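Asks: Handing you this structure, nothing more for now.
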Number of protein chains: 2
Amino acid sequence: MPLLVWGSVALDSVETPTDKRDNVLGGSAVFFSYAASYFTSANLVGDVGEDWPAEHTALLQARKIDTRGLNVLRGEKTFRWRGKYLPNMNDRETLEVHLNVLGKFDPIIPAEYRSSRFVFLGNGSPIIQRKVLECMPKAELVVADTMDLWINIQRDELLELFKRIDGLVLNDSEARLLTGEENLVRAGHMVRELGPKFVVIKKGEHGAMFFGENETYVMPAYPTPDVIDPTGAGDSFAGGMMGYLAEQKKFDPQTLKTALAYGTLVASFTVEDFSLERLKRIERADLEARMREYRRMLSF
Amino acid sequence: MPLLVWGSVALDSVETPTDKRDNVLGGSAVFFSYAASYFTSANLVGDVGEDWPAEHTALLQARKIDTRGLNVLRGEKTFRWRGKYLPNMNDRETLEVHLNVLGKFDPIIPAEYRSSRFVFLGNGSPIIQRKVLECMPKAELVVADTMDLWINIQRDELLELFKRIDGLVLNDSEARLLTGEENLVRAGHMVRELGPKFVVIKKGEHGAMFFGENETYVMPAYPTPDVIDPTGAGDSFAGGMMGYLAEQKKFDPQTLKTALAYGTLVASFTVEDFSLERLKRIERADLEARMREYRRMLSF
């Protein structure tokens with residue numbers, strides 16, 4: 001079942017303690033749709049500028065990602081982000097941001113996408129996230145991401161959005177910021193009480209936590225020794241999760257839990273190289289092999 | 001099968017963001033033996049001073065902990081620690097330490113303990129840990145804890161000890177300090193290559209990681225919403241783990257993994273109140289109930 005993702009499409013420049021890359025393919029919609037593509041076809045909505053290299057579009061299309069919603073805006077430039085990871089590889093600082101197309105974004109959504117039943121609203125202004133959502137009258141499962149910026153400057157709009165979505169993914173520091181609660185178990189349920197039916201808190205190298213009305217659980221990250229670049233891990237996690245749900249065409253509690261595990265595993269591959277480099281070298285079978293190992297790891 | 005633990009016996013004063021306690025029962029050997037007592041009888045070796053309240057000994061004996069090795073040193077005072085937890089409840093600062101008996105410790109081990117087959121060397125100078133070990137000629141499984149202090153000031157002695165033990169438990173920052181490696185998966189295996197057959201890295205609220213020759217796995221912490229006081233969590237974890245192993249009289253990989261899960265669960269109770277208060281209110285059946293929930297949480 002096709003899955004719609006709206007989010008950023010970016011050219012990232014990344015520095016790690018031992019290496020660096022300039023202007024590589026990135027952005028939440030890119031990582032999300034690529035991660036989802038192991039499970040289902042994804043319809044991507046996002047804007048780029050005239051500086052966008054055509055080979056990036058070809059790379060996405062090669063994974064059967066529908067790029068009719070990837071709009072090239074005349075006279076504009078692509079969103080660019082430059083960041084640097086601290087030695088722990090979990091914390092990072094943003095060195096440069098050029099919003100470019102992202103600053104003037106008003107979603108242009110192809111008519112063919114408007115019957116999507118599975119929808120992911122990538123991190124962005126909740127005002128725009130809501131506009132995207134309003135174009136999806138047939139949505140059955142809507143999951144959104146957010147970040148500290150929107151919690152700080154568009155809190156009311158974000159709280160309004162929460163009443164219209166099924167799931168929210170956010171990271172640990174964002175959950176604490178949103179609720180003022182340090183204990184993540186309490187914070188997760190407090191966020192859920194703000195509207196979403198379920199909440200997933202991403203903890204980076206420490207995995208993810210799930211909060212439903214009747215369920216609380218933790219999924220550890222897959223322990224990879226090869227963390228090269230964590231950029232895109234969170235979006236890959238969401239993409240793997242939503243891709244699996246769209247493939248299964250359901251989202252009951254057990255399917256959701258398995259989806260979180262797949263998200264965890266796609267993310268564990270993403271961090272093993274820069275940009276999409278590692279994901280480009282894997283197929284579904286590699287995910288299944290790691291899934292067998294992960295299940296064994298968690299059984300006793 | 002009796003389990004020997006050598007470690008500190010303390011009077012702790014603890015401040016959390018919302019509450020505090022003065023001079024409550026604490027120390028690694030206390031938390032360890034109490035946690036182990038749900039599974040097996042523990043033989044405790046540790047020193048206290050004349051200020052030691054007799055009711056603490058009675059409390060340990062009520063759980064069938066053998067306190068013949070709890071030595072009351074004349075003219076001495078019990079080890080005291082005062083600490084304060086930061087709002088995240090994971091990091092803490094030490095406000096006061098009075099080593100007292102701990103500073104002049106030379107282990108006094110009852111003859112009856114010297115045939116112990118399961119041995120835990122609580123955090124302390126590796127020189128003393130080795131002295132304890134030398135009194136245990138029949139030991140089949142020896143696990144030790146350590147801390148940053150010994151890594152910094154008695155590194156050679158610690159490395160020497162590593163060659164004589166089966167398992168080492170330490171926390172994430174200590175593993176990084178010991179190896180200079182930030183990635184915990186790499187750090188864990190690097191520590192293992194220094195001598196221990198297996199290494200357990202404790203990550204507090206984020207759970208624990210296991211490193212064996214052929215196995216690497218992660219156990220998430222049980223997601224309790226009620227973190228009142230994390231003091232003793234690490235020692236309770238080790239006590240639950242070793243207690244279960246001693247009860248099972250074996251330590252093959254599957255038994256070890258189940259033991260780590262029990263350690264995780266005992267620790268999750270410990271943090272739900274100050275000192276031993278929460279553990280005093282549970283029985284083995286409460287651990288089993290939480291174990292069923294934990295297994296369900298990890299299966300999909």
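The chains in the structure tokens are called A, B, ... from first to last as shown; in each chain the residues are counted from 1, and the ligands are counted from 1 in the order shown.
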Show which residues sit within 6 Å of region 214-230 of chain A, as an MDAnalysis selection string. Count only C-alpha atoms, and ignore same-chain residues fewer than 3 positions away.
Replies: (chainID A and resid 205:211 233 271:274) or (chainID B and resid 185:186 220 297)
Asks: Excluding Ala285 (chain B) and any residue of its chain fewer than 5 positions from it, enumerate the residues within 12 Å of it, using only C-alpha atoms, and give them as a PyMOL selection string.
Replies: chain B and resi 38-39+266+290-292
Asks: Those residues with N, CA, C and O atoms, as a compact mmCIF listing (two decimals), in the first residue's frame please?
Replies:
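Final file, out.txt:
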```
# COMPACT_ATOMS: atom_id res chain seq x y z
N TYR B 38 16.84 -13.21 46.70
CA TYR B 38 15.60 -13.75 46.13
C TYR B 38 15.84 -15.10 45.47
O TYR B 38 14.90 -15.81 45.13
N PHE B 39 17.12 -15.41 45.25
CA PHE B 39 17.49 -16.60 44.50
C PHE B 39 18.31 -17.61 45.30
O PHE B 39 18.20 -18.80 45.09
N VAL B 266 15.50 -6.83 39.16
CA VAL B 266 15.72 -6.47 40.58
C VAL B 266 16.11 -5.00 40.67
O VAL B 266 15.59 -4.25 41.50
N ARG B 290 7.01 -9.45 37.03
CA ARG B 290 7.65 -8.45 36.18
C ARG B 290 8.41 -9.13 35.05
O ARG B 290 8.52 -8.60 33.95
N MET B 291 8.96 -10.32 35.32
CA MET B 291 9.67 -11.07 34.28
C MET B 291 8.71 -11.45 33.14
O MET B 291 9.07 -11.35 31.96
N ARG B 292 7.50 -11.87 33.50
CA ARG B 292 6.54 -12.21 32.45
C ARG B 292 6.23 -10.98 31.59
O ARG B 292 6.17 -11.06 30.36
```
Asks: Just to confirm, what's the straight-line distance from CA of Arg114 (chain A) to CA of Met147 (chain A) in Å (one decimal)?
Replies: 25.7 Å
Asks: Please identify all polymer residues within 12 Å of Asp252 (chain B), counting only C-alpha atoms, omitting same-chain residues fewer than 4 positions from it, and present them as a compact mmCIF listing (two decimals) with N, CA and C atoms, in the first residue's frame.
Replies:
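Saved as out22.txt:
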```
# COMPACT_ATOMS: atom_id res chain seq x y z
N PHE A 300 15.36 -15.19 25.59
CA PHE A 300 16.11 -15.91 26.64
C PHE A 300 15.13 -16.78 27.41
N LEU B 141 33.08 -19.40 39.29
CA LEU B 141 32.66 -18.21 38.55
C LEU B 141 32.97 -16.98 39.40
N LYS B 197 36.24 -13.30 30.58
CA LYS B 197 35.58 -14.10 29.54
C LYS B 197 34.34 -13.38 29.03
N PHE B 198 33.70 -12.62 29.94
CA PHE B 198 32.57 -11.80 29.49
C PHE B 198 32.57 -10.46 30.22
N GLY B 212 30.36 -11.43 25.05
CA GLY B 212 31.05 -12.69 25.23
C GLY B 212 31.87 -12.94 23.97
N GLU B 215 29.10 -13.68 21.49
CA GLU B 215 27.80 -13.06 21.68
C GLU B 215 27.92 -11.60 22.06
N LEU B 245 22.36 -17.11 38.85
CA LEU B 245 23.37 -18.08 38.38
C LEU B 245 23.69 -19.09 39.49
N GLN B 248 20.89 -21.51 39.80
CA GLN B 248 20.87 -22.46 38.69
C GLN B 248 22.10 -23.36 38.67
N LEU B 256 23.14 -17.29 31.46
CA LEU B 256 23.70 -15.95 31.69
C LEU B 256 22.74 -14.87 31.20
N LYS B 257 22.14 -15.09 30.03
CA LYS B 257 21.25 -14.07 29.49
C LYS B 257 20.02 -13.91 30.38
N THR B 258 19.47 -15.04 30.82
CA THR B 258 18.32 -14.95 31.73
C THR B 258 18.74 -14.26 33.04
N ALA B 259 19.95 -14.55 33.48
CA ALA B 259 20.46 -13.93 34.71
C ALA B 259 20.55 -12.41 34.55
```
Asks: How many Å separate CA of Gly124 (chain B) from CA of Pro107 (chain B)?
Replies: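 We find that CA of Gly124 (chain B) and CA of Pro107 (chain B) lie 11.4 Å from each other.
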Asks: Need to verify the contact set: Thr40 (chain A), 10 Å, only C-alpha atoms, exclusion of same-chain residues closer than 4 positions in sequence. Can you return it as a PyMOL selection string?
Replies: chain A and resi 1-3+33-36+63-65+240+242-248
Asks: Would you pick out the contacts of Val72 (chain B) at 9 Å or less, using only C-alpha atoms, so that residues sharing its chain but fewer than 3 positions from it are not included, and give the list as a ChimeraX atom specification?
Replies: /B:46-50,52,76,78
Asks: Have a look at B:Thr231, B:Asn90, B:Ser41, B:Asn123 and name the one nearest to chain A; count only C-alpha atoms.
Replies: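 For chain A, the nearest of the candidates is B:Asn90.
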Asks: Do a neighbour search on Leu170 (chain B) at 7 Å with only C-alpha atoms, toss out local chain neighbours closer than 4 positions, and write the hits as a list of chain:residue names.
Replies: B:Asp145, B:Thr146, B:Met147, B:Glu174, B:Ala175, B:Val200, B:Ile201, B:Lys202
Asks: Work out how far CA of Gly27 (chain B) is from CA of Asp12 (chain B), in Å to one decimal.
Replies: 7.7 Å
Asks: Please return as a VMD selection string: the residues of region 15-230 of chain B that backbone DSSP assigns to helix (DSSP H, G or I).
Replies: chain B and resid 28 to 36 54 to 62 100 to 104 111 to 113 126 to 134 148 to 153 155 to 162 172 to 179 184 to 192 204 to 206
Asks: Store the residues picked out above, limited to C-alpha atoms, as a short mmCIF file (atom, residue, chain, number, x, y, z; two decimals), in the first residue's frame.
Replies:
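Result file out33.cif:
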```
data_model
loop_
_atom_site.label_atom_id
_atom_site.label_comp_id
_atom_site.auth_asym_id
_atom_site.auth_seq_id
_atom_site.Cartn_x
_atom_site.Cartn_y
_atom_site.Cartn_z
CA SER B 28 27.65 -2.48 47.24
CA ALA B 29 27.72 -5.66 49.34
CA VAL B 30 24.38 -4.76 50.93
CA PHE B 31 22.51 -4.09 47.69
CA PHE B 32 24.18 -7.07 46.05
CA SER B 33 23.39 -9.59 48.78
CA TYR B 34 19.82 -8.38 49.23
CA ALA B 35 19.19 -8.62 45.48
CA ALA B 36 20.78 -12.08 45.38
CA ALA B 54 22.24 -3.56 64.74
CA GLU B 55 18.83 -3.45 63.06
CA HIS B 56 20.55 -3.29 59.68
CA THR B 57 22.22 -6.62 60.36
CA ALA B 58 18.88 -8.04 61.45
CA LEU B 59 17.30 -6.86 58.21
CA LEU B 60 19.93 -8.72 56.17
CA GLN B 61 19.61 -11.85 58.32
CA ALA B 62 15.85 -11.82 57.85
CA ASN B 100 36.44 5.30 57.63
CA VAL B 101 36.71 1.47 57.72
CA LEU B 102 36.89 1.33 53.94
CA GLY B 103 40.23 3.10 53.92
CA LYS B 104 41.98 0.48 56.03
CA ALA B 111 36.72 -20.08 57.11
CA GLU B 112 33.22 -21.33 56.23
CA TYR B 113 33.12 -18.98 53.24
CA PRO B 126 41.93 -4.38 42.71
CA ILE B 127 44.67 -5.18 45.22
CA ILE B 128 42.06 -6.07 47.83
CA GLN B 129 39.82 -7.75 45.26
CA ARG B 130 42.74 -10.02 44.46
CA LYS B 131 43.33 -10.79 48.13
CA VAL B 132 39.70 -11.88 48.45
CA LEU B 133 40.00 -13.97 45.34
CA GLU B 134 43.08 -15.72 46.67
CA ASP B 148 36.93 5.13 37.43
CA LEU B 149 39.10 5.66 40.53
CA TRP B 150 40.83 2.27 40.13
CA ILE B 151 41.12 2.63 36.37
CA ASN B 152 42.95 5.88 37.01
CA ILE B 153 45.17 5.03 40.00
CA ARG B 155 45.38 0.41 36.31
CA ASP B 156 48.18 -2.16 36.30
CA GLU B 157 46.71 -4.02 39.26
CA LEU B 158 43.28 -3.92 37.60
CA LEU B 159 44.66 -5.35 34.35
CA GLU B 160 46.34 -8.06 36.37
CA LEU B 161 43.02 -8.88 38.06
CA PHE B 162 41.26 -9.09 34.69
CA ASP B 172 29.46 2.92 30.22
CA SER B 173 31.70 5.85 31.19
CA GLU B 174 34.14 3.46 32.86
CA ALA B 175 34.30 1.26 29.75
CA ARG B 176 35.07 4.36 27.68
CA LEU B 177 37.70 5.53 30.18
CA LEU B 178 39.36 2.12 30.26
CA THR B 179 39.58 1.73 26.48
CA LEU B 184 30.31 0.95 23.47
CA VAL B 185 30.09 -2.13 21.26
CA ARG B 186 33.76 -1.80 20.41
CA ALA B 187 34.65 -0.76 23.97
CA GLY B 188 32.90 -3.82 25.43
CA HIS B 189 34.85 -6.23 23.28
CA MET B 190 38.09 -4.33 23.91
CA VAL B 191 37.58 -4.75 27.66
CA ARG B 192 36.88 -8.44 27.14
CA GLY B 204 21.63 2.96 33.93
CA GLU B 205 18.19 3.87 32.59
CA HIS B 206 19.27 2.58 29.16
#
```
Asks: Considering only C-alpha atoms, state which residue in the set A:Pro17, A:Trp81, A:Asp106, A:Lys250 is at the smallest distance from chain B.
Replies: A:Pro17
Asks: Please return as a list in words: the residues of region 103-264 of chain A that backbone DSSP assigns to strand (DSSP E or B).
Replies: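 The residues of region 103-264 of chain A classed as strand (DSSP E or B) are Phe118, Val119, Phe120, Leu121, Leu141, Val142, Val143, Ala144, Asp145, Gly167, Leu168, Val169, Leu170, Asn171, Phe198, Val199, Val200, Ile201, Lys202, Ala208, Met209, Phe210, Phe211, Thr216, Tyr217, Val218 and Met219 of chain A.
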Asks: Check the smallest atom-to-atom distance from each of A:Ala144, A:Leu287, A:Met89, A:Val5 to chain B using only C-alpha atoms, then report the winner.
Replies: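 Comparing A:Ala144, A:Leu287, A:Met89, A:Val5 against chain B, the winner is A:Met89.
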